[in-house]
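**Q** What follows is a structure written as structure tokens; I'll ask about it next.
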Amino acid sequence: MHELLHSSSLLAMGSGAPQEMSDVLMYMLFQVVGGLGIFLLGMNYMSEGMQAIAGRRLRRMIGMVTNNRLAGLGTGTLVTCIVQSSSITTVLVVGFATSGLMALHQAIGVIMGANIGTTITGWILVLKVGKYGLPILGVGAFVYLFSKNERRRFTALAVMGLGMVFFGLLLMKDGFKPIREVQEFRDAFLWFDASTMGGVALCVVVGSILTAIVQSSSATLGITIAIASQGVIGFETAVALVLGQNIGTTITAWLASIGTNTVAKRAAYFHILFNTAGVLIIFLLFRVYIVTIANAVEFARGIDPRQLDIDTSPDFITNMTFSIAAAHTVFNIAVTMLNLPFVKQWASLLERLVPDKGKEVRHLAQIGPPITGSPAMAIERSRRQIMKMGSNDIEMLEWLGQIVADEELDEELVEHTFRREQIMDNVQREVIDFLTRLMSGNVPFSVAREGRIQLRIADELESISDYIVGILKSNLRLRKSSISLRDDEQEALASLHNDTLETLRAVLAGFEAGELAAARNAGARREEIARAAKNARNEHLMRMSEEQVAPEHSIAYTRLLQGYRKIADHTLNVAEALTDEEQNAAS
């Protein structure tokens, strides 16, 4: 009990309190490791809460990523500022590239933006908000525990995470206070001296390894600033460590790319090459870079960070923190601006370094596993994959119309249609597996609700592809039996085909654009298609009573009419699911 009280008292003591090496080690172990754990957990909570309350906005932002490299850059920066982690953003990019929802040059722009967005952590430290961590954490925890409103609870979760981030940074900073009081520690840190190129290289390597282990450059940046704030390492050494952290943070995206497709691997490798190349450039120009940052800080705050001394410099901690945050920001912005004009060249290089496998997979694109901690982004990945399924149905209907209209049978197009239906089966299984795993985790109710709607739409779209193939088979049987439909029957089928195709196009266009007027009108259009199919069937039955019709002719024609009617039914089901989603989102 005495030892426990003694250890506890150490935690309450400031700098200079623990004097013996064992006491110092215990103090640092409790403070730094505990602070790091609280910081990382807070990052996770804050990211989860922000994605839950701003999920739709984040998805719309990602949807805005086009061929415009500035749009991708801005999106990556803003999303990273919101989720507070460049690692999460780059993993998301790998996920979107895996599912074919983002081209390589688009992914490159977003990753560049993520590198800029991650610099916000340093500026949070500049604000000295650590002392507010516990009150923020407490308020968020009370609201989270006792509120019944889901949106309010996830907002509280984000606030609670923010408080944990602030408090964790404070604990880590206080945990390093004893370092200056123990000669052994000061001697150990003499190894990390960026006054020589060898020392800079050592700092870069150490920063890379530590960040790769923790998998958070924000956390290792906080640790670096905490150590520098105690005067144990100088400004130049801290900057060199931060350079290494930019390399270590790339391991997360690389791990996420294992087992993915070629585009996803290229995106992950770009993150590694981009950050490494930037660090190498600054490493070679390290003295010039340090002088540039020092001059900029001196202009902004009237101090030279190279001359800062904890014993003589006023407001040492704030000035040192500002200087390191400035160096981190300038590095990421400068490297990004230098490389932004060469996005296409980067893409060409990666295509050579990671060539296509050249083997067709029998699915549209691997949707990949759900990304832990980002349900809002995961549900967007599945949504876009379902949009691909809809585009696939439209293309199959267009092929069907072309096959039927041509006098000569296009066997290659027929094979494409059958193969595409098999692809649709595989994609539906991927989507079901993806959504099932996603919804089995801890996700917001809104994400679970949208997941159920997506499962329903995926099933309807796969059923449409089945009926398209069914219509194609009936046409092939007619050709094989040398049976020709009457002109009025062909006209009725052509009219049904065009109406069905246009209805499906309108509903899916509304799904993609978020304009659901076509979905609301789908019921009326489905009734028109059903009425036209029924009238055509009645006319056919009347002819059968007046003249002899071959059984094969009658069976095939009836199946063709029924096929288009079924497609219209499933299109209406998609529209109803979309309008249900709109109503639920508004409630």
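In the structure tokens, the first chain shown is A, the next is B, and so on; residue numbers restart at 1 for each chain, and ligands run from 1 in the order shown.
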Excluding Arg420 (chain A) and any residue of its chain fewer than 2 positions from it, enumerate the residues within 9 Å of it, using only C-alpha atoms, and give them as a PDB file with C-alpha atoms, in the first residue's frame.
**A**
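Contents of part-v7.pdb, freshly written:
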ATOM      1  CA  ARG A 362     -15.385 -12.385 -62.673  1.00  0.00           C
ATOM      2  CA  HIS A 363     -16.802  -9.489 -60.708  1.00  0.00           C
ATOM      3  CA  LEU A 364     -17.052  -5.746 -61.262  1.00  0.00           C
ATOM      4  CA  ASN A 392     -24.576  -2.727 -65.343  1.00  0.00           C
ATOM      5  CA  ASP A 393     -28.305  -3.459 -65.663  1.00  0.00           C
ATOM      6  CA  MET A 396     -27.323  -5.207 -70.306  1.00  0.00           C
ATOM      7  CA  GLU A 415     -21.641 -13.909 -74.474  1.00  0.00           C
ATOM      8  CA  HIS A 416     -20.938 -10.514 -72.888  1.00  0.00           C
ATOM      9  CA  THR A 417     -24.494 -10.373 -71.602  1.00  0.00           C
ATOM     10  CA  PHE A 418     -24.364 -13.838 -70.041  1.00  0.00           C
ATOM     11  CA  GLN A 422     -22.583 -13.926 -63.679  1.00  0.00           C
ATOM     12  CA  ILE A 423     -20.607 -10.879 -62.584  1.00  0.00           C
ATOM     13  CA  MET A 424     -23.764  -9.408 -61.076  1.00  0.00           C
ATOM     14  CA  ASP A 425     -24.245 -12.558 -58.989  1.00  0.00           C
ATOM     15  CA  SER A 465     -30.196  -8.876 -64.502  1.00  0.00           C
TER      16      SER A 465
END
**Q** Set the distance at 7 Å and use only C-alpha atoms: which residues neighbour region 384-389 of chain A once local chain neighbours fewer than 2 positions away are removed? I'd like the list as a list in words.
**A**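 Contacts, with the query itself left out: Leu101, Glu380, Arg381, Ser382, Ser391, Asn392, Asp393, Met424, Ala458, Leu461 and Glu512 of chain A.
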**Q** List the neighbours of Ile555 (chain A) out to 12 Å using only C-alpha atoms; skip same-chain residues closer than 6 positions along the sequence, and give me the result as a ChimeraX atom specification.
**A** /A:471,474-475,477-478,483,485,537,540-541,544,549,561-562
**Q** Compare A:Val32, A:Val110, A:Ala267, A:Ala141 by their minimum atom-to-atom distance to Leu169 (chain A), counting only C-alpha atoms, and give me the closest one.
**A**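 Residue with the minimum atom-to-atom distance to Leu169 (chain A): A:Val32.
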**Q** Please measure the separation of CA of Leu221 (chain A) and CA of Thr119 (chain A), giving the value in Å to one decimal.
**A**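 Answer for the CA of Leu221 (chain A) to CA of Thr119 (chain A) separation: 9.4 Å.
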**Q** Select from region 188-318 of chain A everything DSSP, run on the backbone, classes as alpha helix (DSSP H), then give the selection as a PyMOL selection string.
**A** chain A and resi 188+197-214+217-228+235-248+251-257+262-284+286-301+316-318
**Q** For each of A:Thr318, A:Leu285, A:Lys148, A:Val447, take the minimum atom-to-atom distance to Ile124 (chain A), counting only C-alpha atoms, then give the residue where this is smallest.
**A**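 Comparing A:Thr318, A:Leu285, A:Lys148, A:Val447 against Ile124 (chain A), the winner is A:Thr318.
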**Q** Counting only C-alpha atoms, which residue out of A:Ala264, A:Val574, A:Leu125, A:Ile116 sits closest to Gly222 (chain A)?
**A**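 Once distances to Gly222 (chain A) are computed over only C-alpha atoms, the minimum belongs to A:Leu125.
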**Q** Please identify all polymer residues within 8 Å of Cys81 (chain A), counting only C-alpha atoms, omitting same-chain residues fewer than 4 positions from it, and present them as a list in words.
**A**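 Those residues are Thr77, Ser85, Gly117, Thr118 and Ile120 of chain A.
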**Q** Please produce a file of the residues just selected, as a PDB file, in the first residue's frame, where the atoms kept are N, CA and C atoms.
**A**
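Output file part.pdb is given in full below:
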ATOM      1  N   THR A  77      -7.646  17.352 -47.653  1.00  0.00           N
ATOM      2  CA  THR A  77      -7.294  18.226 -46.535  1.00  0.00           C
ATOM      3  C   THR A  77      -8.448  18.356 -45.550  1.00  0.00           C
ATOM      4  N   SER A  85      -7.057  12.397 -38.777  1.00  0.00           N
ATOM      5  CA  SER A  85      -6.081  11.332 -39.007  1.00  0.00           C
ATOM      6  C   SER A  85      -5.835  11.166 -40.501  1.00  0.00           C
ATOM      7  N   GLY A 117      -3.731  18.112 -44.260  1.00  0.00           N
ATOM      8  CA  GLY A 117      -4.724  18.117 -43.187  1.00  0.00           C
ATOM      9  C   GLY A 117      -4.188  17.612 -41.861  1.00  0.00           C
ATOM     10  N   THR A 118      -3.228  16.696 -41.914  1.00  0.00           N
ATOM     11  CA  THR A 118      -2.716  16.103 -40.672  1.00  0.00           C
ATOM     12  C   THR A 118      -1.898  17.094 -39.845  1.00  0.00           C
ATOM     13  N   ILE A 120      -2.817  19.769 -38.658  1.00  0.00           N
ATOM     14  CA  ILE A 120      -3.658  20.495 -37.702  1.00  0.00           C
ATOM     15  C   ILE A 120      -3.327  20.130 -36.249  1.00  0.00           C
TER      16      ILE A 120
END
**Q** If you measure from CA of Tyr269 (chain A) to CA of Gly74 (chain A), what distance in Å do you get, rounded to one decimal?
**A** 21.0 Å
**Q** Could you produce a table of the residues of region 483-548 of chain A lying within 12 Å of region 400-412 of chain A, with the nearest pair of atoms per residue and their separation in Å rounded to one decimal, using only C-alpha atoms, ordered by chain and increasing residue number, as a Markdown table?
**A**
| residue | atom | partner | partner_atom | distance |
| --- | --- | --- | --- | --- |
| A:Ser484 | CA | A:Glu407 | CA | 11.1 |
| A:Leu485 | CA | A:Val404 | CA | 11.3 |
| A:Gln490 | CA | A:Val404 | CA | 9.6 |
| A:Glu491 | CA | A:Ala405 | CA | 11.0 |
| A:Leu493 | CA | A:Gly401 | CA | 10.0 |
| A:Ala494 | CA | A:Gly401 | CA | 8.0 |
| A:Ser495 | CA | A:Gly401 | CA | 10.8 |
| A:Leu496 | CA | A:Gly401 | CA | 10.8 |
| A:His497 | CA | A:Gly401 | CA | 7.3 |
| A:Asn498 | CA | A:Gly401 | CA | 8.5 |
| A:Asp499 | CA | A:Gly401 | CA | 11.9 |
| A:Thr500 | CA | A:Gly401 | CA | 11.2 |
| A:Leu501 | CA | A:Gly401 | CA | 9.6 |
**Q** So that I have them on file, write out the residues from the current selection with N, CA and C atoms, as a PDB file, in the first residue's frame.
**A**
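Once everything was written out, this is out11.pdb:
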ATOM      1  N   SER A 484     -40.563 -16.358 -86.212  1.00  0.00           N
ATOM      2  CA  SER A 484     -40.532 -14.906 -86.278  1.00  0.00           C
ATOM      3  C   SER A 484     -41.799 -14.344 -85.658  1.00  0.00           C
ATOM      4  N   LEU A 485     -41.635 -13.353 -84.836  1.00  0.00           N
ATOM      5  CA  LEU A 485     -42.787 -12.693 -84.243  1.00  0.00           C
ATOM      6  C   LEU A 485     -43.468 -11.809 -85.280  1.00  0.00           C
ATOM      7  N   GLN A 490     -43.621  -7.468 -82.370  1.00  0.00           N
ATOM      8  CA  GLN A 490     -42.299  -6.858 -82.264  1.00  0.00           C
ATOM      9  C   GLN A 490     -42.392  -5.398 -81.819  1.00  0.00           C
ATOM     10  N   GLU A 491     -43.410  -4.699 -82.368  1.00  0.00           N
ATOM     11  CA  GLU A 491     -43.595  -3.302 -81.979  1.00  0.00           C
ATOM     12  C   GLU A 491     -43.980  -3.194 -80.498  1.00  0.00           C
ATOM     13  N   LEU A 493     -43.204  -5.326 -78.087  1.00  0.00           N
ATOM     14  CA  LEU A 493     -42.024  -5.635 -77.288  1.00  0.00           C
ATOM     15  C   LEU A 493     -41.010  -4.490 -77.311  1.00  0.00           C
ATOM     16  N   ALA A 494     -40.839  -3.874 -78.489  1.00  0.00           N
ATOM     17  CA  ALA A 494     -39.895  -2.752 -78.591  1.00  0.00           C
ATOM     18  C   ALA A 494     -40.345  -1.581 -77.718  1.00  0.00           C
ATOM     19  N   SER A 495     -41.664  -1.334 -77.710  1.00  0.00           N
ATOM     20  CA  SER A 495     -42.196  -0.260 -76.878  1.00  0.00           C
ATOM     21  C   SER A 495     -41.990  -0.575 -75.389  1.00  0.00           C
ATOM     22  N   LEU A 496     -42.262  -1.821 -75.017  1.00  0.00           N
ATOM     23  CA  LEU A 496     -42.037  -2.230 -73.625  1.00  0.00           C
ATOM     24  C   LEU A 496     -40.562  -2.092 -73.250  1.00  0.00           C
ATOM     25  N   HIS A 497     -39.690  -2.517 -74.147  1.00  0.00           N
ATOM     26  CA  HIS A 497     -38.248  -2.446 -73.886  1.00  0.00           C
ATOM     27  C   HIS A 497     -37.814  -1.001 -73.632  1.00  0.00           C
ATOM     28  N   ASN A 498     -38.237  -0.097 -74.503  1.00  0.00           N
ATOM     29  CA  ASN A 498     -37.830   1.301 -74.372  1.00  0.00           C
ATOM     30  C   ASN A 498     -38.390   1.926 -73.087  1.00  0.00           C
ATOM     31  N   ASP A 499     -39.664   1.631 -72.787  1.00  0.00           N
ATOM     32  CA  ASP A 499     -40.257   2.192 -71.570  1.00  0.00           C
ATOM     33  C   ASP A 499     -39.571   1.650 -70.315  1.00  0.00           C
ATOM     34  N   THR A 500     -39.260   0.359 -70.326  1.00  0.00           N
ATOM     35  CA  THR A 500     -38.582  -0.263 -69.176  1.00  0.00           C
ATOM     36  C   THR A 500     -37.187   0.315 -68.984  1.00  0.00           C
ATOM     37  N   LEU A 501     -36.477   0.475 -70.102  1.00  0.00           N
ATOM     38  CA  LEU A 501     -35.124   1.022 -70.039  1.00  0.00           C
ATOM     39  C   LEU A 501     -35.136   2.461 -69.520  1.00  0.00           C
TER      40      LEU A 501
END
**Q** Within 12 Å of Trp346 (chain A), counting only C-alpha atoms, which residues qualify if same-chain residues fewer than 6 places away don't, as an mmCIF file with N, CA and C atoms, in the first residue's frame?
**A**
data_model
loop_
_atom_site.group_PDB
_atom_site.id
_atom_site.type_symbol
_atom_site.label_atom_id
_atom_site.label_comp_id
_atom_site.auth_asym_id
_atom_site.auth_seq_id
_atom_site.Cartn_x
_atom_site.Cartn_y
_atom_site.Cartn_z
ATOM 1 N N LEU A 104 -6.787 6.350 -60.074
ATOM 2 C CA LEU A 104 -5.494 6.549 -59.419
ATOM 3 C C LEU A 104 -5.167 8.024 -59.276
ATOM 4 N N HIS A 105 -5.367 8.816 -60.343
ATOM 5 C CA HIS A 105 -5.003 10.234 -60.256
ATOM 6 C C HIS A 105 -5.881 10.965 -59.246
ATOM 7 N N GLN A 106 -7.136 10.513 -59.059
ATOM 8 C CA GLN A 106 -7.987 11.108 -58.036
ATOM 9 C C GLN A 106 -7.470 10.754 -56.642
ATOM 10 N N ALA A 107 -7.084 9.487 -56.454
ATOM 11 C CA ALA A 107 -6.552 9.048 -55.167
ATOM 12 C C ALA A 107 -5.284 9.820 -54.807
ATOM 13 N N ILE A 108 -4.451 10.088 -55.798
ATOM 14 C CA ILE A 108 -3.208 10.827 -55.551
ATOM 15 C C ILE A 108 -3.510 12.218 -54.997
ATOM 16 N N GLY A 109 -4.499 12.894 -55.582
ATOM 17 C CA GLY A 109 -4.859 14.223 -55.100
ATOM 18 C C GLY A 109 -5.357 14.209 -53.666
ATOM 19 N N MET A 112 -2.461 13.636 -51.205
ATOM 20 C CA MET A 112 -1.697 14.869 -51.012
ATOM 21 C C MET A 112 -2.408 15.787 -50.015
ATOM 22 N N ARG A 266 -1.337 0.731 -56.034
ATOM 23 C CA ARG A 266 -0.669 1.923 -56.569
ATOM 24 C C ARG A 266 -0.909 3.126 -55.675
ATOM 25 N N ALA A 267 -2.136 3.281 -55.180
ATOM 26 C CA ALA A 267 -2.446 4.408 -54.294
ATOM 27 C C ALA A 267 -1.624 4.333 -53.009
ATOM 28 N N TYR A 269 1.253 2.717 -52.582
ATOM 29 C CA TYR A 269 2.665 2.911 -52.900
ATOM 30 C C TYR A 269 2.961 4.377 -53.201
ATOM 31 N N PHE A 270 1.977 5.077 -53.772
ATOM 32 C CA PHE A 270 2.179 6.512 -53.992
ATOM 33 C C PHE A 270 2.398 7.218 -52.650
ATOM 34 N N HIS A 271 1.595 6.863 -51.660
ATOM 35 C CA HIS A 271 1.737 7.500 -50.350
ATOM 36 C C HIS A 271 3.153 7.284 -49.812
ATOM 37 N N LEU A 273 5.968 6.509 -51.625
ATOM 38 C CA LEU A 273 6.964 7.167 -52.471
ATOM 39 C C LEU A 273 6.906 8.684 -52.327
ATOM 40 N N PHE A 274 5.692 9.211 -52.267
ATOM 41 C CA PHE A 274 5.498 10.655 -52.167
ATOM 42 C C PHE A 274 6.120 11.200 -50.879
ATOM 43 N N ALA A 277 10.013 10.576 -50.892
ATOM 44 C CA ALA A 277 10.712 11.497 -51.793
ATOM 45 C C ALA A 277 10.771 12.900 -51.193
ATOM 46 N N ASN A 339 4.641 18.811 -56.098
ATOM 47 C CA ASN A 339 4.239 17.601 -56.820
ATOM 48 C C ASN A 339 2.871 17.695 -57.479
ATOM 49 N N LEU A 340 2.056 18.658 -57.079
ATOM 50 C CA LEU A 340 0.692 18.746 -57.598
ATOM 51 C C LEU A 340 0.622 18.851 -59.120
ATOM 52 N N ARG A 352 3.851 1.831 -64.181
ATOM 53 C CA ARG A 352 5.014 1.031 -64.599
ATOM 54 C C ARG A 352 5.562 0.205 -63.435
ATOM 55 N N LEU A 353 5.559 0.798 -62.258
ATOM 56 C CA LEU A 353 6.094 0.079 -61.090
ATOM 57 C C LEU A 353 5.179 -1.052 -60.643
ATOM 58 N N VAL A 354 3.858 -0.837 -60.766
ATOM 59 C CA VAL A 354 2.879 -1.850 -60.357
ATOM 60 C C VAL A 354 2.009 -2.158 -61.578
#
